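What follows is entry_4.cif (mmCIF, N, CA and C atoms and all ligand atoms).
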data_protein
loop_
_atom_site.label_atom_id
_atom_site.label_comp_id
_atom_site.auth_asym_id
_atom_site.auth_seq_id
_atom_site.Cartn_x
_atom_site.Cartn_y
_atom_site.Cartn_z
N MET A 259 -4.75 -1.20 3.50
CA MET A 259 -3.67 -0.32 3.07
C MET A 259 -2.63 -0.17 4.19
N ASN A 260 -1.41 0.04 3.79
CA ASN A 260 -0.34 0.31 4.77
C ASN A 260 -0.11 1.82 4.83
N ILE A 261 -0.36 2.38 5.98
CA ILE A 261 -0.29 3.84 6.14
C ILE A 261 0.86 4.18 7.09
N ALA A 262 1.72 5.11 6.66
CA ALA A 262 2.83 5.57 7.50
C ALA A 262 2.55 6.98 8.03
N LEU A 263 2.85 7.18 9.28
CA LEU A 263 2.55 8.44 9.97
C LEU A 263 3.85 9.01 10.56
N ILE A 264 4.11 10.26 10.25
CA ILE A 264 5.30 10.94 10.80
C ILE A 264 4.89 12.37 11.11
N ALA A 265 5.34 12.89 12.23
CA ALA A 265 5.08 14.30 12.54
C ALA A 265 6.30 14.91 13.20
N HIS A 266 6.69 16.06 12.73
CA HIS A 266 7.71 16.83 13.43
C HIS A 266 7.15 17.26 14.79
N ASP A 267 8.05 17.62 15.70
CA ASP A 267 7.64 17.85 17.09
C ASP A 267 6.49 18.85 17.21
N SER A 268 6.57 19.97 16.50
CA SER A 268 5.54 20.99 16.66
C SER A 268 4.22 20.59 16.00
N LYS A 269 4.20 19.49 15.27
CA LYS A 269 2.98 19.01 14.60
C LYS A 269 2.45 17.72 15.22
N LYS A 270 3.11 17.26 16.29
CA LYS A 270 2.69 15.97 16.86
C LYS A 270 1.29 16.05 17.45
N GLU A 271 0.98 17.15 18.14
CA GLU A 271 -0.35 17.27 18.73
C GLU A 271 -1.41 17.30 17.62
N LEU A 272 -1.11 17.97 16.52
CA LEU A 272 -2.04 17.99 15.38
C LEU A 272 -2.25 16.58 14.84
N MET A 273 -1.16 15.84 14.73
CA MET A 273 -1.26 14.47 14.24
C MET A 273 -2.12 13.62 15.18
N VAL A 274 -1.91 13.80 16.48
CA VAL A 274 -2.71 13.05 17.46
C VAL A 274 -4.19 13.40 17.29
N GLN A 275 -4.50 14.68 17.17
CA GLN A 275 -5.90 15.10 17.02
C GLN A 275 -6.49 14.55 15.72
N PHE A 276 -5.70 14.56 14.68
CA PHE A 276 -6.14 14.00 13.39
C PHE A 276 -6.48 12.51 13.56
N CYS A 277 -5.61 11.80 14.24
CA CYS A 277 -5.83 10.34 14.40
C CYS A 277 -7.00 10.05 15.32
N ILE A 278 -7.24 10.91 16.30
CA ILE A 278 -8.45 10.75 17.14
C ILE A 278 -9.68 10.95 16.25
N ALA A 279 -9.66 12.00 15.44
CA ALA A 279 -10.82 12.31 14.60
C ALA A 279 -11.12 11.19 13.60
N TYR A 280 -10.07 10.57 13.07
CA TYR A 280 -10.27 9.57 12.01
C TYR A 280 -9.89 8.16 12.48
N CYS A 281 -10.00 7.94 13.77
CA CYS A 281 -9.65 6.65 14.38
C CYS A 281 -10.42 5.50 13.72
N GLY A 282 -11.68 5.74 13.44
CA GLY A 282 -12.51 4.68 12.85
C GLY A 282 -11.98 4.23 11.51
N ILE A 283 -11.59 5.17 10.67
CA ILE A 283 -11.03 4.81 9.36
C ILE A 283 -9.66 4.18 9.53
N LEU A 284 -8.81 4.82 10.32
CA LEU A 284 -7.43 4.35 10.48
C LEU A 284 -7.38 2.94 11.05
N SER A 285 -8.34 2.61 11.92
CA SER A 285 -8.31 1.30 12.58
C SER A 285 -8.52 0.15 11.60
N ARG A 286 -8.99 0.46 10.39
CA ARG A 286 -9.21 -0.60 9.40
C ARG A 286 -8.00 -0.81 8.49
N HIS A 287 -6.88 -0.15 8.84
CA HIS A 287 -5.68 -0.25 8.00
C HIS A 287 -4.47 -0.61 8.86
N ASN A 288 -3.37 -0.96 8.18
CA ASN A 288 -2.13 -1.25 8.90
C ASN A 288 -1.36 0.05 9.06
N LEU A 289 -1.07 0.38 10.30
CA LEU A 289 -0.43 1.66 10.58
C LEU A 289 1.01 1.44 11.03
N CYS A 290 1.90 2.33 10.58
CA CYS A 290 3.25 2.36 11.12
C CYS A 290 3.65 3.82 11.27
N ALA A 291 4.67 4.07 12.07
CA ALA A 291 5.06 5.45 12.36
C ALA A 291 6.48 5.48 12.86
N THR A 292 7.08 6.67 12.80
CA THR A 292 8.33 6.85 13.52
C THR A 292 8.04 6.75 15.02
N GLY A 293 9.09 6.47 15.80
CA GLY A 293 8.92 6.06 17.19
C GLY A 293 8.06 6.96 18.06
N THR A 294 8.42 8.21 18.15
CA THR A 294 7.70 9.09 19.09
C THR A 294 6.30 9.39 18.58
N THR A 295 6.19 9.65 17.29
CA THR A 295 4.88 9.91 16.69
C THR A 295 3.95 8.72 16.96
N GLY A 296 4.45 7.53 16.73
CA GLY A 296 3.64 6.32 16.92
C GLY A 296 3.23 6.12 18.37
N ARG A 297 4.16 6.37 19.27
CA ARG A 297 3.83 6.18 20.69
C ARG A 297 2.74 7.16 21.11
N LEU A 298 2.87 8.41 20.72
CA LEU A 298 1.87 9.42 21.13
C LEU A 298 0.50 9.08 20.55
N ILE A 299 0.46 8.65 19.29
CA ILE A 299 -0.83 8.31 18.68
C ILE A 299 -1.44 7.09 19.37
N SER A 300 -0.64 6.07 19.60
CA SER A 300 -1.23 4.86 20.20
C SER A 300 -1.67 5.13 21.63
N GLU A 301 -0.94 5.96 22.36
CA GLU A 301 -1.37 6.29 23.73
C GLU A 301 -2.71 7.05 23.71
N ALA A 302 -2.87 7.94 22.74
CA ALA A 302 -4.08 8.77 22.71
C ALA A 302 -5.29 8.05 22.13
N THR A 303 -5.04 7.08 21.23
CA THR A 303 -6.17 6.49 20.50
C THR A 303 -6.37 5.00 20.76
N GLY A 304 -5.33 4.33 21.25
CA GLY A 304 -5.41 2.88 21.38
C GLY A 304 -5.21 2.15 20.05
N LEU A 305 -4.94 2.90 18.98
CA LEU A 305 -4.70 2.27 17.68
C LEU A 305 -3.43 1.42 17.75
N GLN A 306 -3.45 0.30 17.05
CA GLN A 306 -2.25 -0.52 16.96
C GLN A 306 -1.35 0.05 15.87
N ILE A 307 -0.12 0.38 16.24
CA ILE A 307 0.80 1.01 15.30
C ILE A 307 2.16 0.33 15.42
N PHE A 308 2.69 -0.09 14.28
CA PHE A 308 4.06 -0.60 14.30
C PHE A 308 4.99 0.61 14.40
N LYS A 309 5.85 0.59 15.42
CA LYS A 309 6.72 1.75 15.64
C LYS A 309 8.13 1.46 15.16
N PHE A 310 8.57 2.26 14.21
CA PHE A 310 9.97 2.20 13.79
C PHE A 310 10.80 2.99 14.79
N LEU A 311 12.09 3.13 14.52
CA LEU A 311 12.95 3.93 15.38
C LEU A 311 12.47 5.38 15.38
N SER A 312 12.89 6.12 16.37
CA SER A 312 12.62 7.55 16.37
C SER A 312 13.26 8.18 15.13
N GLY A 313 12.68 9.28 14.68
CA GLY A 313 13.20 9.94 13.49
C GLY A 313 14.68 10.27 13.62
N SER A 314 15.09 10.73 14.80
CA SER A 314 16.49 11.12 15.01
C SER A 314 17.43 9.92 14.94
N GLN A 315 16.88 8.70 15.08
CA GLN A 315 17.72 7.49 15.03
C GLN A 315 17.57 6.74 13.71
N GLY A 316 16.85 7.34 12.77
CA GLY A 316 16.74 6.71 11.44
C GLY A 316 15.36 6.16 11.10
N GLY A 317 14.38 6.44 11.95
CA GLY A 317 13.02 5.93 11.68
C GLY A 317 12.46 6.40 10.36
N ASP A 318 12.75 7.64 9.99
CA ASP A 318 12.29 8.15 8.69
C ASP A 318 12.85 7.30 7.56
N GLN A 319 14.13 6.92 7.73
CA GLN A 319 14.78 6.15 6.67
C GLN A 319 14.27 4.72 6.62
N GLN A 320 13.85 4.20 7.77
CA GLN A 320 13.23 2.87 7.75
C GLN A 320 11.93 2.93 6.94
N ILE A 321 11.17 4.00 7.15
CA ILE A 321 9.92 4.16 6.39
C ILE A 321 10.25 4.41 4.91
N ALA A 322 11.30 5.20 4.66
CA ALA A 322 11.69 5.45 3.26
C ALA A 322 12.00 4.13 2.55
N ALA A 323 12.66 3.22 3.25
CA ALA A 323 13.00 1.94 2.63
C ALA A 323 11.73 1.16 2.26
N ARG A 324 10.71 1.24 3.13
CA ARG A 324 9.44 0.54 2.81
C ARG A 324 8.74 1.20 1.62
N ILE A 325 8.84 2.53 1.55
CA ILE A 325 8.24 3.21 0.40
C ILE A 325 8.95 2.76 -0.88
N ALA A 326 10.27 2.67 -0.82
CA ALA A 326 11.04 2.27 -2.00
C ALA A 326 10.65 0.87 -2.46
N CYS A 327 10.21 0.03 -1.51
CA CYS A 327 9.81 -1.35 -1.84
C CYS A 327 8.31 -1.46 -2.11
N ASP A 328 7.61 -0.33 -2.26
CA ASP A 328 6.16 -0.31 -2.53
C ASP A 328 5.36 -0.91 -1.39
N GLU A 329 5.88 -0.84 -0.17
CA GLU A 329 5.16 -1.43 0.97
C GLU A 329 4.35 -0.40 1.74
N ILE A 330 4.39 0.85 1.32
CA ILE A 330 3.58 1.91 1.96
C ILE A 330 2.63 2.47 0.89
N ASP A 331 1.36 2.57 1.25
CA ASP A 331 0.33 3.00 0.30
C ASP A 331 -0.09 4.45 0.50
N LEU A 332 0.22 4.99 1.67
CA LEU A 332 -0.17 6.37 1.97
C LEU A 332 0.76 6.89 3.06
N LEU A 333 1.33 8.07 2.84
CA LEU A 333 2.20 8.70 3.85
C LEU A 333 1.56 9.99 4.32
N LEU A 334 1.37 10.09 5.62
CA LEU A 334 0.92 11.35 6.23
C LEU A 334 2.09 11.87 7.04
N PHE A 335 2.66 12.96 6.58
CA PHE A 335 3.90 13.49 7.16
C PHE A 335 3.67 14.96 7.47
N PHE A 336 3.31 15.23 8.70
CA PHE A 336 3.02 16.61 9.10
C PHE A 336 4.33 17.31 9.43
N ARG A 337 4.70 18.24 8.59
CA ARG A 337 6.00 18.91 8.71
C ARG A 337 5.86 20.29 9.30
N ALA A 338 6.84 20.64 10.11
CA ALA A 338 6.92 22.01 10.62
C ALA A 338 7.51 22.88 9.52
N ALA A 339 6.99 24.09 9.39
CA ALA A 339 7.44 24.98 8.31
C ALA A 339 8.92 25.33 8.45
N ASN A 340 9.40 25.42 9.69
CA ASN A 340 10.76 25.91 9.91
C ASN A 340 11.71 24.81 10.32
N TYR A 341 11.43 23.57 9.91
CA TYR A 341 12.22 22.44 10.39
C TYR A 341 13.54 22.33 9.65
N LYS A 342 14.63 22.02 10.37
CA LYS A 342 15.94 21.93 9.73
C LYS A 342 16.67 20.59 9.92
N PRO A 343 16.74 20.01 11.15
CA PRO A 343 17.71 18.96 11.42
C PRO A 343 17.78 17.80 10.41
N HIS A 344 16.61 17.22 9.99
CA HIS A 344 16.69 16.06 9.10
C HIS A 344 16.27 16.41 7.68
N GLU A 345 16.51 17.63 7.25
CA GLU A 345 15.95 18.04 5.96
C GLU A 345 16.30 17.12 4.79
N PRO A 346 17.55 16.65 4.68
CA PRO A 346 17.84 15.74 3.57
C PRO A 346 17.00 14.47 3.64
N ASP A 347 16.76 13.96 4.88
CA ASP A 347 15.93 12.77 5.05
C ASP A 347 14.51 13.04 4.59
N ASP A 348 14.00 14.22 4.95
CA ASP A 348 12.63 14.57 4.56
C ASP A 348 12.52 14.63 3.04
N ALA A 349 13.50 15.28 2.42
CA ALA A 349 13.47 15.40 0.97
C ALA A 349 13.53 14.02 0.33
N ASN A 350 14.30 13.11 0.92
CA ASN A 350 14.40 11.75 0.39
C ASN A 350 13.06 11.03 0.48
N LEU A 351 12.37 11.19 1.61
CA LEU A 351 11.05 10.56 1.77
C LEU A 351 10.09 11.03 0.68
N LEU A 352 10.05 12.33 0.48
CA LEU A 352 9.11 12.89 -0.50
C LEU A 352 9.52 12.51 -1.92
N ARG A 353 10.82 12.46 -2.17
CA ARG A 353 11.31 12.05 -3.49
C ARG A 353 10.88 10.61 -3.78
N LEU A 354 11.00 9.74 -2.77
CA LEU A 354 10.61 8.34 -2.96
C LEU A 354 9.11 8.21 -3.20
N CYS A 355 8.32 9.04 -2.52
CA CYS A 355 6.87 9.03 -2.77
C CYS A 355 6.59 9.40 -4.22
N ASP A 356 7.33 10.37 -4.73
CA ASP A 356 7.16 10.74 -6.14
C ASP A 356 7.59 9.59 -7.05
N THR A 357 8.72 8.97 -6.71
CA THR A 357 9.22 7.88 -7.54
C THR A 357 8.25 6.71 -7.59
N ARG A 358 7.69 6.36 -6.42
CA ARG A 358 6.82 5.18 -6.31
C ARG A 358 5.35 5.52 -6.50
N ASN A 359 5.05 6.80 -6.73
CA ASN A 359 3.67 7.25 -6.92
C ASN A 359 2.81 6.96 -5.68
N VAL A 360 3.35 7.29 -4.53
CA VAL A 360 2.64 7.07 -3.27
C VAL A 360 1.94 8.36 -2.85
N PRO A 361 0.63 8.31 -2.60
CA PRO A 361 -0.07 9.50 -2.12
C PRO A 361 0.55 9.98 -0.81
N VAL A 362 0.80 11.28 -0.72
CA VAL A 362 1.46 11.82 0.48
C VAL A 362 0.84 13.16 0.84
N ALA A 363 0.64 13.36 2.15
CA ALA A 363 0.14 14.63 2.66
C ALA A 363 1.18 15.20 3.61
N THR A 364 1.51 16.47 3.43
CA THR A 364 2.44 17.11 4.36
C THR A 364 1.75 18.17 5.21
N ASN A 365 0.43 18.24 5.09
CA ASN A 365 -0.30 19.19 5.96
C ASN A 365 -1.70 18.66 6.20
N LEU A 366 -2.38 19.27 7.15
CA LEU A 366 -3.69 18.78 7.59
C LEU A 366 -4.71 18.79 6.46
N ALA A 367 -4.72 19.85 5.66
CA ALA A 367 -5.75 19.97 4.62
C ALA A 367 -5.65 18.80 3.63
N THR A 368 -4.43 18.48 3.22
CA THR A 368 -4.26 17.38 2.27
C THR A 368 -4.52 16.03 2.93
N ALA A 369 -4.13 15.91 4.21
CA ALA A 369 -4.38 14.67 4.93
C ALA A 369 -5.89 14.40 5.02
N GLU A 370 -6.67 15.45 5.27
CA GLU A 370 -8.14 15.28 5.33
C GLU A 370 -8.65 14.81 3.98
N ALA A 371 -8.17 15.42 2.91
CA ALA A 371 -8.63 15.03 1.57
C ALA A 371 -8.27 13.57 1.29
N LEU A 372 -7.05 13.17 1.65
CA LEU A 372 -6.62 11.80 1.36
C LEU A 372 -7.33 10.77 2.23
N ILE A 373 -7.63 11.10 3.47
CA ILE A 373 -8.29 10.12 4.33
C ILE A 373 -9.72 9.87 3.84
N HIS A 374 -10.36 10.91 3.33
CA HIS A 374 -11.70 10.72 2.76
C HIS A 374 -11.60 9.94 1.44
N ALA A 375 -10.56 10.23 0.67
CA ALA A 375 -10.34 9.47 -0.58
C ALA A 375 -10.11 7.99 -0.26
N LEU A 376 -9.33 7.74 0.78
CA LEU A 376 -9.07 6.36 1.21
C LEU A 376 -10.38 5.67 1.57
N GLU A 377 -11.21 6.35 2.34
CA GLU A 377 -12.48 5.78 2.79
C GLU A 377 -13.42 5.51 1.62
N ARG A 378 -13.41 6.38 0.61
CA ARG A 378 -14.26 6.19 -0.57
C ARG A 378 -13.77 5.07 -1.48
N GLY A 379 -12.51 4.66 -1.28
CA GLY A 379 -11.95 3.63 -2.16
C GLY A 379 -11.12 4.19 -3.31
N ASP A 380 -10.88 5.50 -3.27
CA ASP A 380 -10.13 6.11 -4.37
C ASP A 380 -8.69 5.61 -4.46
N LEU A 381 -8.19 5.04 -3.37
CA LEU A 381 -6.80 4.57 -3.38
C LEU A 381 -6.70 3.06 -3.55
N ASP A 382 -7.82 2.43 -3.91
CA ASP A 382 -7.82 0.97 -4.01
C ASP A 382 -6.86 0.45 -5.08
N TRP A 383 -6.51 1.33 -6.04
CA TRP A 383 -5.55 0.90 -7.07
C TRP A 383 -4.22 0.52 -6.45
N ARG A 384 -3.96 0.97 -5.24
CA ARG A 384 -2.70 0.58 -4.57
C ARG A 384 -2.64 -0.93 -4.33
N ASP A 385 -3.81 -1.59 -4.25
CA ASP A 385 -3.83 -3.05 -4.05
C ASP A 385 -3.16 -3.77 -5.22
N ILE A 386 -3.19 -3.14 -6.39
CA ILE A 386 -2.53 -3.75 -7.55
C ILE A 386 -1.02 -3.60 -7.41
N VAL A 387 -0.60 -2.40 -6.94
CA VAL A 387 0.83 -2.15 -6.75
C VAL A 387 1.39 -2.99 -5.61
N ASN A 388 0.60 -3.11 -4.55
CA ASN A 388 1.06 -3.75 -3.33
C ASN A 388 0.08 -4.84 -2.92
N PRO A 389 0.10 -5.98 -3.60
CA PRO A 389 -0.89 -7.03 -3.33
C PRO A 389 -0.55 -7.90 -2.12
N LYS A 390 0.58 -7.67 -1.48
CA LYS A 390 1.06 -8.58 -0.42
C LYS A 390 0.44 -8.26 0.95
N ARG A 391 -0.85 -8.06 1.01
CA ARG A 391 -1.44 -7.78 2.32
C ARG A 391 -2.28 -8.94 2.79
O1 LIG A 401 11.94 13.06 13.38
C1 LIG A 401 10.86 12.87 12.88
C2 LIG A 401 10.57 13.40 11.53
O2 LIG A 401 11.73 13.85 10.89
C3 LIG A 401 9.80 12.13 13.59
O3 LIG A 401 10.35 11.18 14.47
P1 LIG A 401 9.66 10.88 15.86
O4 LIG A 401 8.24 10.48 15.57
O5 LIG A 401 10.41 9.73 16.46
O6 LIG A 401 9.75 12.14 16.66
#
Could you quickly redo this structure as structure tokens?
Ligand SMILES: O=C(CO)COP(=O)(O)O
Amino acid sequence: MNIALIAHDSKKELMVQFCIAYCGILSRHNLCATGTTGRLISEATGLQIFKFLSGSQGGDQQIAARIACDEIDLLLFFRAANYKPHEPDDANLLRLCDTRNVPVATNLATAEALIHALERGDLDWRDIVNPKR
């Protein structure tokens, strides 16, 4: 599966801890992330992550484009409750997930549920949508 990871600044440490906890599962998938999120995760875990541009430079939109093309199977996007600067971009990402029927988590509780679902094979239907792996 192709998994995209994004975290707002105040959620980056949470994302790193999540990726440490589920490193074993994540290591069996193709990971990509916005620039800073990806760098912090790969430094902490050693996971191989394709890093797009930083969110402030359009990295979110690069990921959005992949979602629009059905190239992302799961989005974990840890959002700060009071975040403002890229709000239209965030809304676009989530809208595209709805359009393409991509499982998405915006908080830790849902991310935990989805990572276990991924491990159980509950998301294997994505292989039909995105067979180009
Ligand atoms: O800005 C972001 C989300 O909107 C995340 O981007 P970075 O991972 O580069 O900080």
Could you write out, as a compact mmCIF listing (two decimals) with N, CA and C atoms, keeping the file's coordinate frame, all the residues of stretch 263-390 of chain A that DSSP marks as alpha helix (DSSP H)?
# COMPACT_ATOMS: atom_id res chain seq x y z
N LYS A 270 3.11 17.26 16.29
CA LYS A 270 2.69 15.97 16.86
C LYS A 270 1.29 16.05 17.45
N GLU A 271 0.98 17.15 18.14
CA GLU A 271 -0.35 17.27 18.73
C GLU A 271 -1.41 17.30 17.62
N LEU A 272 -1.11 17.97 16.52
CA LEU A 272 -2.04 17.99 15.38
C LEU A 272 -2.25 16.58 14.84
N MET A 273 -1.16 15.84 14.73
CA MET A 273 -1.26 14.47 14.24
C MET A 273 -2.12 13.62 15.18
N VAL A 274 -1.91 13.80 16.48
CA VAL A 274 -2.71 13.05 17.46
C VAL A 274 -4.19 13.40 17.29
N GLN A 275 -4.50 14.68 17.17
CA GLN A 275 -5.90 15.10 17.02
C GLN A 275 -6.49 14.55 15.72
N PHE A 276 -5.70 14.56 14.68
CA PHE A 276 -6.14 14.00 13.39
C PHE A 276 -6.48 12.51 13.56
N CYS A 277 -5.61 11.80 14.24
CA CYS A 277 -5.83 10.34 14.40
C CYS A 277 -7.00 10.05 15.32
N ILE A 278 -7.24 10.91 16.30
CA ILE A 278 -8.45 10.75 17.14
C ILE A 278 -9.68 10.95 16.25
N ALA A 279 -9.66 12.00 15.44
CA ALA A 279 -10.82 12.31 14.60
C ALA A 279 -11.12 11.19 13.60
N CYS A 281 -10.00 7.94 13.77
CA CYS A 281 -9.65 6.65 14.38
C CYS A 281 -10.42 5.50 13.72
N GLY A 282 -11.68 5.74 13.44
CA GLY A 282 -12.51 4.68 12.85
C GLY A 282 -11.98 4.23 11.51
N ILE A 283 -11.59 5.17 10.67
CA ILE A 283 -11.03 4.81 9.36
C ILE A 283 -9.66 4.18 9.53
N LEU A 284 -8.81 4.82 10.32
CA LEU A 284 -7.43 4.35 10.48
C LEU A 284 -7.38 2.94 11.05
N GLY A 293 9.09 6.47 15.80
CA GLY A 293 8.92 6.06 17.19
C GLY A 293 8.06 6.96 18.06
N THR A 294 8.42 8.21 18.15
CA THR A 294 7.70 9.09 19.09
C THR A 294 6.30 9.39 18.58
N THR A 295 6.19 9.65 17.29
CA THR A 295 4.88 9.91 16.69
C THR A 295 3.95 8.72 16.96
N GLY A 296 4.45 7.53 16.73
CA GLY A 296 3.64 6.32 16.92
C GLY A 296 3.23 6.12 18.37
N ARG A 297 4.16 6.37 19.27
CA ARG A 297 3.83 6.18 20.69
C ARG A 297 2.74 7.16 21.11
N LEU A 298 2.87 8.41 20.72
CA LEU A 298 1.87 9.42 21.13
C LEU A 298 0.50 9.08 20.55
N ILE A 299 0.46 8.65 19.29
CA ILE A 299 -0.83 8.31 18.68
C ILE A 299 -1.44 7.09 19.37
N SER A 300 -0.64 6.07 19.60
CA SER A 300 -1.23 4.86 20.20
C SER A 300 -1.67 5.13 21.63
N GLU A 301 -0.94 5.96 22.36
CA GLU A 301 -1.37 6.29 23.73
C GLU A 301 -2.71 7.05 23.71
N ALA A 302 -2.87 7.94 22.74
CA ALA A 302 -4.08 8.77 22.71
C ALA A 302 -5.29 8.05 22.13
N THR A 303 -5.04 7.08 21.23
CA THR A 303 -6.17 6.49 20.50
C THR A 303 -6.37 5.00 20.76
N GLY A 317 14.38 6.44 11.95
CA GLY A 317 13.02 5.93 11.68
C GLY A 317 12.46 6.40 10.36
N ASP A 318 12.75 7.64 9.99
CA ASP A 318 12.29 8.15 8.69
C ASP A 318 12.85 7.30 7.56
N GLN A 319 14.13 6.92 7.73
CA GLN A 319 14.78 6.15 6.67
C GLN A 319 14.27 4.72 6.62
N GLN A 320 13.85 4.20 7.77
CA GLN A 320 13.23 2.87 7.75
C GLN A 320 11.93 2.93 6.94
N ILE A 321 11.17 4.00 7.15
CA ILE A 321 9.92 4.16 6.39
C ILE A 321 10.25 4.41 4.91
N ALA A 322 11.30 5.20 4.66
CA ALA A 322 11.69 5.45 3.26
C ALA A 322 12.00 4.13 2.55
N ALA A 323 12.66 3.22 3.25
CA ALA A 323 13.00 1.94 2.63
C ALA A 323 11.73 1.16 2.26
N ARG A 324 10.71 1.24 3.13
CA ARG A 324 9.44 0.54 2.81
C ARG A 324 8.74 1.20 1.62
N ILE A 325 8.84 2.53 1.55
CA ILE A 325 8.24 3.21 0.40
C ILE A 325 8.95 2.76 -0.88
N ALA A 326 10.27 2.67 -0.82
CA ALA A 326 11.04 2.27 -2.00
C ALA A 326 10.65 0.87 -2.46
N GLU A 345 16.51 17.63 7.25
CA GLU A 345 15.95 18.04 5.96
C GLU A 345 16.30 17.12 4.79
N PRO A 346 17.55 16.65 4.68
CA PRO A 346 17.84 15.74 3.57
C PRO A 346 17.00 14.47 3.64
N ASP A 347 16.76 13.96 4.88
CA ASP A 347 15.93 12.77 5.05
C ASP A 347 14.51 13.04 4.59
N ASP A 348 14.00 14.22 4.95
CA ASP A 348 12.63 14.57 4.56
C ASP A 348 12.52 14.63 3.04
N ALA A 349 13.50 15.28 2.42
CA ALA A 349 13.47 15.40 0.97
C ALA A 349 13.53 14.02 0.33
N ASN A 350 14.30 13.11 0.92
CA ASN A 350 14.40 11.75 0.39
C ASN A 350 13.06 11.03 0.48
N LEU A 351 12.37 11.19 1.61
CA LEU A 351 11.05 10.56 1.77
C LEU A 351 10.09 11.03 0.68
N LEU A 352 10.05 12.33 0.48
CA LEU A 352 9.11 12.89 -0.50
C LEU A 352 9.52 12.51 -1.92
N ARG A 353 10.82 12.46 -2.17
CA ARG A 353 11.31 12.05 -3.49
C ARG A 353 10.88 10.61 -3.78
N LEU A 354 11.00 9.74 -2.77
CA LEU A 354 10.61 8.34 -2.96
C LEU A 354 9.11 8.21 -3.20
N CYS A 355 8.32 9.04 -2.52
CA CYS A 355 6.87 9.03 -2.77
C CYS A 355 6.59 9.40 -4.22
N ASP A 356 7.33 10.37 -4.73
CA ASP A 356 7.16 10.74 -6.14
C ASP A 356 7.59 9.59 -7.05
N THR A 357 8.72 8.97 -6.71
CA THR A 357 9.22 7.88 -7.54
C THR A 357 8.25 6.71 -7.59
N ARG A 358 7.69 6.36 -6.42
CA ARG A 358 6.82 5.18 -6.31
C ARG A 358 5.35 5.52 -6.50
N LEU A 366 -2.38 19.27 7.15
CA LEU A 366 -3.69 18.78 7.59
C LEU A 366 -4.71 18.79 6.46
N ALA A 367 -4.72 19.85 5.66
CA ALA A 367 -5.75 19.97 4.62
C ALA A 367 -5.65 18.80 3.63
N THR A 368 -4.43 18.48 3.22
CA THR A 368 -4.26 17.38 2.27
C THR A 368 -4.52 16.03 2.93
N ALA A 369 -4.13 15.91 4.21
CA ALA A 369 -4.38 14.67 4.93
C ALA A 369 -5.89 14.40 5.02
N GLU A 370 -6.67 15.45 5.27
CA GLU A 370 -8.14 15.28 5.33
C GLU A 370 -8.65 14.81 3.98
N ALA A 371 -8.17 15.42 2.91
CA ALA A 371 -8.63 15.03 1.57
C ALA A 371 -8.27 13.57 1.29
N LEU A 372 -7.05 13.17 1.65
CA LEU A 372 -6.62 11.80 1.36
C LEU A 372 -7.33 10.77 2.23
N ILE A 373 -7.63 11.10 3.47
CA ILE A 373 -8.29 10.12 4.33
C ILE A 373 -9.72 9.87 3.84
N HIS A 374 -10.36 10.91 3.33
CA HIS A 374 -11.70 10.72 2.76
C HIS A 374 -11.60 9.94 1.44
N ALA A 375 -10.56 10.23 0.67
CA ALA A 375 -10.34 9.47 -0.58
C ALA A 375 -10.11 7.99 -0.26
N LEU A 376 -9.33 7.74 0.78
CA LEU A 376 -9.07 6.36 1.21
C LEU A 376 -10.38 5.67 1.57
N GLU A 377 -11.21 6.35 2.34
CA GLU A 377 -12.48 5.78 2.79
C GLU A 377 -13.42 5.51 1.62
N ARG A 378 -13.41 6.38 0.61
CA ARG A 378 -14.26 6.19 -0.57
C ARG A 378 -13.77 5.07 -1.48
N ARG A 384 -3.96 0.97 -5.24
CA ARG A 384 -2.70 0.58 -4.57
C ARG A 384 -2.64 -0.93 -4.33
N ASP A 385 -3.81 -1.59 -4.25
CA ASP A 385 -3.83 -3.05 -4.05
C ASP A 385 -3.16 -3.77 -5.22
N ILE A 386 -3.19 -3.14 -6.39
CA ILE A 386 -2.53 -3.75 -7.55
C ILE A 386 -1.02 -3.60 -7.41
N VAL A 387 -0.60 -2.40 -6.94
CA VAL A 387 0.83 -2.15 -6.75
C VAL A 387 1.39 -2.99 -5.61
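Compared by their closest atoms to A:Ala323, and using only C-alpha atoms, the residues A:Asn350, A:Lys309, A:Ala338, A:Leu298 rank with A:Asn350 nearest.
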Go through chain A residue by residue and, counting only C-alpha atoms and all ligand atoms, keep those with an atom at most 9 Å from ligand LIG 401 (chain A); for each kept residue give the shortest atom pair and its distance in Å to one decimal, ordered by chain and increasing number, as CSV.
residue,atom,partner,partner_atom,distance
A:Leu263,CA,A:LIG401,O4,8.2
A:Ile264,CA,A:LIG401,C3,5.4
A:Ala265,CA,A:LIG401,C3,5.3
A:His266,CA,A:LIG401,C2,4.9
A:Asp267,CA,A:LIG401,O6,6.1
A:Lys270,CA,A:LIG401,O4,7.9
A:Ala291,CA,A:LIG401,O4,6.8
A:Thr292,CA,A:LIG401,O4,4.2
A:Gly293,CA,A:LIG401,O5,4.0
A:Thr294,CA,A:LIG401,O4,3.8
A:Thr295,CA,A:LIG401,O4,3.6
A:Gly296,CA,A:LIG401,O4,6.3
A:Arg297,CA,A:LIG401,O4,8.0
A:Leu298,CA,A:LIG401,O4,8.5
A:Lys309,CA,A:LIG401,O5,8.8
A:Phe310,CA,A:LIG401,O5,8.0
A:Leu311,CA,A:LIG401,O5,6.4
A:Ser312,CA,A:LIG401,O5,3.1
A:Gly313,CA,A:LIG401,O3,3.3
A:Ser314,CA,A:LIG401,O1,5.2
A:Gln315,CA,A:LIG401,O5,7.8
A:Gly316,CA,A:LIG401,O1,8.2
A:Gly317,CA,A:LIG401,O3,6.5
A:Asp318,CA,A:LIG401,O2,6.1
A:Phe335,CA,A:LIG401,C2,8.0
A:Phe336,CA,A:LIG401,C2,8.6
A:Arg337,CA,A:LIG401,C2,7.7
A:Tyr341,CA,A:LIG401,O2,8.6
A:Pro343,CA,A:LIG401,O2,7.9
A:His344,CA,A:LIG401,O2,5.7
A:Glu345,CA,A:LIG401,O2,7.7
A:Asp347,CA,A:LIG401,O2,7.3
A:Asp348,CA,A:LIG401,O2,6.4
Contacts of A:Leu333 within 6.5 Å, all atoms listed in the file, excl. fewer than 2 positions in-chain, as a ChimeraX atom specification: /A:261-264,330-331,335,360-363
